[in-house]
Amino acid sequence: ALYLGAAGVGTLGIVDFDNVDVSNLQRQVIHGTKDVGRPKVDSAADRIHDINPEVKVIAHREPITSENALEIIRDYDIVLNGSDNFPTRYLINDACHFLGKPLVDGSIFMFEGQATVYLPDAPEHGISGGPCYRCLYPEPPAPGEVPSCAEAGVLGVLPGIVGSIQAIEAIKLILGLGEPLVGKLLLIDTLDMSFRTLKVQ
C-alpha cells in the first residue's frame with residue numbers, strides 16, 4: 001500500500017477488521033507505536049496520506065466474507081491479496097475470477113515467500129488470461145496440516161519483500177509494462193536468497 005500510494009495510484013481500498021498491536025510492528029511497517037490500539041485501516045490511511053495526500057483511501061473495516069466479497073471487489077481494477085488463511089485466499093480468488101479482476105497474490109511462511117498474478121480471460125478486451133489459485137491448489141490443505149504464521153512465525157522483512165513484488169506487479173498491470181507473473185509462480189527462499197520461477201498450467 002505504501003509503494004502504490006507513493007507511485008500515485010489514485011484510489012486504494014484496504015480491507016482489514018483488526019486493530020494495531022505491538023506484535024504487528026515487526027512486519028507491518030505501515031503502522032507505528034503511536035497507532036497501537038487504532039483500527040489498522042485508519043492507521044494505514046494516515047500513513048499513506050503522509051506520503052501522498054492526493055491518494056483516495058477507502059477503508060473497509062470488516063472481514064471479507066462470502067456475503068460482501070463481490071460487493072467490495074467489484075469497484076476496484078486490481079486486487080492484491082495478502083491474507084493469512086486459506087478460506088479467505090480461496091474466497092478472494094473466486095470473487096476475482098467471477099468478476100474478471102486481476103489478482104496479485106502473495107504469501108509467506110517462515111523464511112519463504114511466493115508471488116504470482118491470476119489474470120482471468122477477458123476476450124472483450126483481447127486478454128487471454130492464465131491459471132487461478134484453484135488451478136495451482138485445487139484443494140485446501142487439511143486443518144492443522146500447515147501451521148499458521150502465528151504458530152510457525154515469520155521473518156519480519158519477508159512480508160516487505162513479497163509486498164514490494166506485489167506492488168511492482170500491480171504497477172506493471174496498470175501501465176501495461178513488461179511481463180506480469182501470469183502463469184508463473186515466483187518462489188523466494190531468503191535463507192539462501194534464491195529466486196525460482198515455476199510455470200503453472
# chains A, B, ... in the order shown; residues from 1 in each chain; ligands from 1
call {"tool": "residues_around", "arguments": {"residues": "stretch 12-24 of chain A", "least_positions_apart": "4", "cutoff": "7 Å", "atoms": "only C-alpha atoms", "output": "PDB file with N, CA and C atoms, in the first residue's frame"}}
result
ATOM      1  N   GLN A  28       4.544  -5.224   9.820  1.00  0.00           N
ATOM      2  CA  GLN A  28       3.565  -4.342   9.178  1.00  0.00           C
ATOM      3  C   GLN A  28       4.007  -2.899   9.388  1.00  0.00           C
ATOM      4  N   THR A  33       4.267   2.753  16.652  1.00  0.00           N
ATOM      5  CA  THR A  33       3.885   2.579  18.058  1.00  0.00           C
ATOM      6  C   THR A  33       2.743   3.514  18.451  1.00  0.00           C
ATOM      7  N   ASP A  35       0.233   4.106  16.831  1.00  0.00           N
ATOM      8  CA  ASP A  35      -1.027   3.595  16.281  1.00  0.00           C
ATOM      9  C   ASP A  35      -1.584   2.396  17.050  1.00  0.00           C
ATOM     10  N   VAL A  36      -0.860   1.909  18.036  1.00  0.00           N
ATOM     11  CA  VAL A  36      -1.308   0.713  18.766  1.00  0.00           C
ATOM     12  C   VAL A  36      -2.700   0.958  19.333  1.00  0.00           C
ATOM     13  N   GLY A  37      -3.605   0.016  19.069  1.00  0.00           N
ATOM     14  CA  GLY A  37      -4.987   0.121  19.522  1.00  0.00           C
ATOM     15  C   GLY A  37      -5.928   0.737  18.500  1.00  0.00           C
ATOM     16  N   ARG A  38      -5.386   1.400  17.471  1.00  0.00           N
ATOM     17  CA  ARG A  38      -6.227   2.018  16.447  1.00  0.00           C
ATOM     18  C   ARG A  38      -6.646   0.980  15.403  1.00  0.00           C
ATOM     19  N   PRO A  39      -7.760   1.203  14.704  1.00  0.00           N
ATOM     20  CA  PRO A  39      -8.083   0.340  13.573  1.00  0.00           C
ATOM     21  C   PRO A  39      -6.974   0.410  12.524  1.00  0.00           C
ATOM     22  N   LYS A  40      -6.577  -0.742  12.002  1.00  0.00           N
ATOM     23  CA  LYS A  40      -5.493  -0.776  11.019  1.00  0.00           C
ATOM     24  C   LYS A  40      -5.814   0.028   9.766  1.00  0.00           C
ATOM     25  N   VAL A  41      -7.088   0.015   9.355  1.00  0.00           N
ATOM     26  CA  VAL A  41      -7.425   0.764   8.135  1.00  0.00           C
ATOM     27  C   VAL A  41      -7.219   2.268   8.338  1.00  0.00           C
ATOM     28  N   LYS A  56      -6.822   8.692  -2.685  1.00  0.00           N
ATOM     29  CA  LYS A  56      -8.088   8.435  -2.000  1.00  0.00           C
ATOM     30  C   LYS A  56      -7.993   7.041  -1.393  1.00  0.00           C
ATOM     31  N   VAL A  57      -8.087   6.942  -0.077  1.00  0.00           N
ATOM     32  CA  VAL A  57      -8.026   5.650   0.610  1.00  0.00           C
ATOM     33  C   VAL A  57      -9.433   5.315   1.104  1.00  0.00           C
ATOM     34  N   ILE A  58      -9.934   4.170   0.654  1.00  0.00           N
ATOM     35  CA  ILE A  58     -11.252   3.703   1.078  1.00  0.00           C
ATOM     36  C   ILE A  58     -11.038   2.588   2.093  1.00  0.00           C
ATOM     37  N   ALA A  59     -11.523   2.801   3.292  1.00  0.00           N
ATOM     38  CA  ALA A  59     -11.320   1.838   4.380  1.00  0.00           C
ATOM     39  C   ALA A  59     -12.526   0.913   4.480  1.00  0.00           C
ATOM     40  N   HIS A  60     -12.263  -0.368   4.400  1.00  0.00           N
ATOM     41  CA  HIS A  60     -13.290  -1.391   4.610  1.00  0.00           C
ATOM     42  C   HIS A  60     -12.943  -2.079   5.940  1.00  0.00           C
ATOM     43  N   ARG A  61     -13.505  -1.569   7.025  1.00  0.00           N
ATOM     44  CA  ARG A  61     -13.185  -2.133   8.345  1.00  0.00           C
ATOM     45  C   ARG A  61     -14.138  -3.279   8.653  1.00  0.00           C
ATOM     46  N   GLU A  62     -13.904  -4.382   7.981  1.00  0.00           N
ATOM     47  CA  GLU A  62     -14.744  -5.567   8.129  1.00  0.00           C
ATOM     48  C   GLU A  62     -13.982  -6.753   7.554  1.00  0.00           C
ATOM     49  N   PRO A  63     -14.278  -7.944   8.022  1.00  0.00           N
ATOM     50  CA  PRO A  63     -13.674  -9.119   7.389  1.00  0.00           C
ATOM     51  C   PRO A  63     -14.296  -9.317   6.013  1.00  0.00           C
TER      52      PRO A  63
END
call {"tool": "select_by_dssp", "arguments": {"residues": "stretch 48-198 of chain A", "states": "helix (DSSP H, G or I)", "output": "JSON, numbers by chain"}}
result
{"A": [48, 49, 50, 51, 69, 70, 71, 72, 73, 86, 87, 88, 89, 90, 91, 92, 93, 94, 95, 96, 97, 98, 99, 123, 124, 125, 133, 134, 135, 136, 149, 150, 151, 152, 158, 159, 160, 161, 162, 163, 164, 165, 166, 167, 168, 169, 170, 171, 172, 173, 174, 175]}
call {"tool": "residues_around", "arguments": {"residues": "stretch 72-78 of chain A", "least_positions_apart": "5", "cutoff": "9 Å", "atoms": "only C-alpha atoms", "output": "CSV table (one decimal) with N, CA, C and O atoms, in the first residue's frame"}}
result
chain,number,residue,atom,x,y,z
A,11,THR,N,-6.6,5.6,-6.2
A,11,THR,CA,-7.6,5.1,-5.2
A,11,THR,C,-7.1,3.8,-4.7
A,11,THR,O,-6.8,2.9,-5.5
A,12,LEU,N,-7.0,3.6,-3.4
A,12,LEU,CA,-6.6,2.4,-2.7
A,12,LEU,C,-7.7,2.0,-1.8
A,12,LEU,O,-8.1,2.8,-0.9
A,13,GLY,N,-8.2,0.8,-1.9
A,13,GLY,CA,-9.1,0.2,-0.9
A,13,GLY,C,-8.4,-0.7,0.0
A,13,GLY,O,-7.6,-1.5,-0.5
A,15,VAL,N,-8.9,-3.6,3.1
A,15,VAL,CA,-9.8,-4.4,3.8
A,15,VAL,C,-9.1,-5.0,5.0
A,15,VAL,O,-8.1,-5.8,4.9
A,60,HIS,N,-12.3,-0.4,4.4
A,60,HIS,CA,-13.3,-1.4,4.6
A,60,HIS,C,-12.9,-2.1,5.9
A,60,HIS,O,-12.2,-3.0,6.0
A,64,ILE,N,-13.5,-9.8,5.1
A,64,ILE,CA,-14.1,-10.1,3.8
A,64,ILE,C,-14.7,-11.5,3.9
A,64,ILE,O,-14.1,-12.5,4.4
A,92,ILE,N,-11.2,-14.9,-2.1
A,92,ILE,CA,-10.8,-13.8,-2.9
A,92,ILE,C,-10.5,-14.2,-4.4
A,92,ILE,O,-10.9,-13.5,-5.3
A,95,ALA,N,-13.9,-14.7,-6.1
A,95,ALA,CA,-14.6,-13.4,-6.4
A,95,ALA,C,-13.9,-12.7,-7.6
A,95,ALA,O,-14.6,-12.2,-8.4
A,96,CYS,N,-12.6,-12.7,-7.6
A,96,CYS,CA,-11.9,-12.1,-8.7
A,96,CYS,C,-12.1,-12.8,-10.0
A,96,CYS,O,-12.3,-12.2,-11.1
A,99,LEU,N,-15.6,-11.9,-11.2
A,99,LEU,CA,-15.7,-10.5,-11.6
A,99,LEU,C,-14.7,-10.2,-12.7
A,99,LEU,O,-14.8,-9.0,-13.3
A,101,LYS,N,-11.4,-9.8,-12.4
A,101,LYS,CA,-10.4,-8.9,-11.9
A,101,LYS,C,-9.1,-9.6,-11.8
A,101,LYS,O,-9.0,-10.7,-11.3
A,102,PRO,N,-8.0,-8.9,-12.2
A,102,PRO,CA,-6.7,-9.4,-12.0
A,102,PRO,C,-6.4,-9.5,-10.5
A,102,PRO,O,-6.8,-8.6,-9.7
A,103,LEU,N,-5.8,-10.6,-10.0
A,103,LEU,CA,-5.4,-10.8,-8.6
A,103,LEU,C,-3.9,-11.0,-8.5
A,103,LEU,O,-3.4,-11.9,-9.1
A,104,VAL,N,-3.3,-10.1,-7.8
A,104,VAL,CA,-1.8,-10.2,-7.5
A,104,VAL,C,-1.7,-10.8,-6.1
A,104,VAL,O,-2.1,-10.2,-5.1
A,170,ALA,N,1.4,-5.0,-9.7
A,170,ALA,CA,0.2,-4.2,-9.8
A,170,ALA,C,0.5,-3.0,-10.7
A,170,ALA,O,-0.2,-2.6,-11.6
A,173,LEU,N,0.7,-4.0,-14.3
A,173,LEU,CA,-0.6,-4.2,-14.9
A,173,LEU,C,-1.3,-2.9,-15.2
A,173,LEU,O,-1.9,-2.7,-16.3
A,174,ILE,N,-1.1,-1.9,-14.3
A,174,ILE,CA,-1.8,-0.6,-14.5
A,174,ILE,C,-1.2,0.1,-15.8
A,174,ILE,O,-1.9,0.6,-16.6
call {"tool": "closest_residue", "arguments": {"among": "A:Val200, A:Val29, A:Cys132, A:Met193", "to": "A:Arg47", "atoms": "only C-alpha atoms"}}
result
A:Val29
call {"tool": "atom_distance", "arguments": {"atom1": "atom CA of A:Glu139", "atom2": "atom CA of A:Glu67"}}
result
21.7 Å
call {"tool": "atom_distance", "arguments": {"atom1": "atom CA of A:Gly8", "atom2": "atom CA of A:Arg89"}}
result
26.9 Å
call {"tool": "closest_residue", "arguments": {"among": "A:Leu191, A:Leu175, A:Ala7, A:Val182", "to": "A:Leu119", "atoms": "only C-alpha atoms"}}
result
A:Val182
call {"tool": "closest_atom_pairs", "arguments": {"of": "stretch 69-128 of chain A", "to": "stretch 163-166 of chain A", "cutoff": "9 Å", "atoms": "only C-alpha atoms", "output": "tab-separated table"}}
result
residue	atom	partner	partner_atom	distance
A:Leu80	CA	A:Gln166	CA	7.0
A:Asn81	CA	A:Gln166	CA	8.7
A:Gly82	CA	A:Gly163	CA	7.9
A:Val104	CA	A:Gln166	CA	6.0
A:Asp105	CA	A:Gln166	CA	7.0
A:Gly106	CA	A:Gln166	CA	6.7
A:Ser107	CA	A:Gly163	CA	9.0
A:Ala115	CA	A:Gln166	CA	6.9
A:Thr116	CA	A:Gln166	CA	8.0
A:Val117	CA	A:Gln166	CA	8.6
call {"tool": "write_last_selection", "arguments": {"atoms": "C-alpha atoms", "output": "compact mmCIF listing (two decimals), in the first residue's frame"}}
result
# COMPACT_ATOMS: atom_id res chain seq x y z
CA LEU A 80 -3.74 -7.56 -4.11
CA ASN A 81 -4.15 -10.40 -1.63
CA GLY A 82 -2.02 -10.78 1.47
CA VAL A 104 -1.85 -10.17 -7.50
CA ASP A 105 -1.27 -12.84 -4.89
CA GLY A 106 1.47 -13.06 -2.28
CA SER A 107 2.03 -15.48 0.56
CA ALA A 115 4.10 -14.31 -5.61
CA THR A 116 2.03 -14.69 -8.75
CA VAL A 117 -0.66 -12.96 -10.82
call {"tool": "closest_residue", "arguments": {"among": "A:Ala167, A:Val162, A:Val146, A:Val79", "to": "A:Leu2", "atoms": "only C-alpha atoms"}}
result
A:Ala167
call {"tool": "select_by_dssp", "arguments": {"residues": "stretch 21-76 of chain A", "states": "strand (DSSP E or B)", "output": "list of chain:residue names"}}
result
A:Pro39, A:Lys56, A:Val57, A:Ile58, A:Ala59, A:His60
call {"tool": "residues_around", "arguments": {"residues": "A:Leu186", "least_positions_apart": "4", "cutoff": "7 Å", "atoms": "only C-alpha atoms", "output": "JSON, numbers by chain"}}
result
{"A": [114, 115, 116, 195, 196, 197, 198]}
call {"tool": "write_last_selection", "arguments": {"atoms": "all heavy atoms", "output": "compact mmCIF listing (two decimals), in the first residue's frame"}}
result
# COMPACT_ATOMS: atom_id res chain seq x y z
N GLN A 114 6.02 -16.47 -1.76
CA GLN A 114 5.56 -16.76 -3.12
C GLN A 114 4.81 -15.55 -3.65
O GLN A 114 4.19 -14.81 -2.89
CB GLN A 114 4.60 -17.95 -3.15
CG GLN A 114 5.19 -19.26 -2.68
CD GLN A 114 4.18 -20.40 -2.73
OE1 GLN A 114 3.01 -20.20 -3.05
NE2 GLN A 114 4.64 -21.61 -2.42
N ALA A 115 4.88 -15.37 -4.97
CA ALA A 115 4.10 -14.31 -5.61
C ALA A 115 3.70 -14.78 -7.00
O ALA A 115 4.46 -15.48 -7.68
CB ALA A 115 4.90 -13.02 -5.69
N THR A 116 2.51 -14.37 -7.41
CA THR A 116 2.03 -14.69 -8.75
C THR A 116 0.90 -13.72 -9.11
O THR A 116 0.44 -12.95 -8.26
CB THR A 116 1.55 -16.15 -8.85
OG1 THR A 116 1.27 -16.47 -10.22
CG2 THR A 116 0.31 -16.39 -8.02
N PHE A 195 15.77 -17.26 -5.88
CA PHE A 195 14.51 -16.94 -6.52
C PHE A 195 14.31 -17.92 -7.67
O PHE A 195 15.17 -18.03 -8.55
CB PHE A 195 14.54 -15.51 -7.09
CG PHE A 195 14.48 -14.43 -6.05
CD1 PHE A 195 15.56 -14.19 -5.20
CD2 PHE A 195 13.37 -13.61 -5.94
CE1 PHE A 195 15.52 -13.19 -4.25
CE2 PHE A 195 13.32 -12.62 -4.98
CZ PHE A 195 14.40 -12.40 -4.14
N ARG A 196 13.21 -18.65 -7.64
CA ARG A 196 12.89 -19.60 -8.71
C ARG A 196 11.52 -19.28 -9.25
O ARG A 196 10.64 -18.85 -8.52
CB ARG A 196 12.89 -21.05 -8.20
CG ARG A 196 14.25 -21.57 -7.76
CD ARG A 196 14.18 -23.06 -7.45
NE ARG A 196 13.22 -23.36 -6.42
CZ ARG A 196 12.44 -24.45 -6.38
NH1 ARG A 196 12.51 -25.34 -7.33
NH2 ARG A 196 11.61 -24.65 -5.38
N THR A 197 11.34 -19.48 -10.55
CA THR A 197 10.04 -19.26 -11.16
C THR A 197 9.55 -20.56 -11.77
O THR A 197 10.24 -21.16 -12.58
CB THR A 197 10.12 -18.17 -12.26
OG1 THR A 197 10.68 -16.98 -11.69
CG2 THR A 197 8.74 -17.85 -12.80
N LEU A 198 8.36 -20.99 -11.34
CA LEU A 198 7.76 -22.21 -11.85
C LEU A 198 6.61 -21.83 -12.79
O LEU A 198 5.89 -20.87 -12.55
CB LEU A 198 7.21 -23.07 -10.72
CG LEU A 198 8.16 -23.44 -9.58
CD1 LEU A 198 7.42 -24.30 -8.56
CD2 LEU A 198 9.37 -24.18 -10.12
call {"tool": "closest_atom_pairs", "arguments": {"of": "stretch 14-57 of chain A", "to": "stretch 154-159 of chain A", "cutoff": "9 Å", "atoms": "only C-alpha atoms", "output": "tab-separated table"}}
result
residue	atom	partner	partner_atom	distance
A:Leu25	CA	A:Gly156	CA	8.7
A:Gln26	CA	A:Gly156	CA	5.3
A:Arg27	CA	A:Gly156	CA	4.3
A:Gln28	CA	A:Pro159	CA	7.8
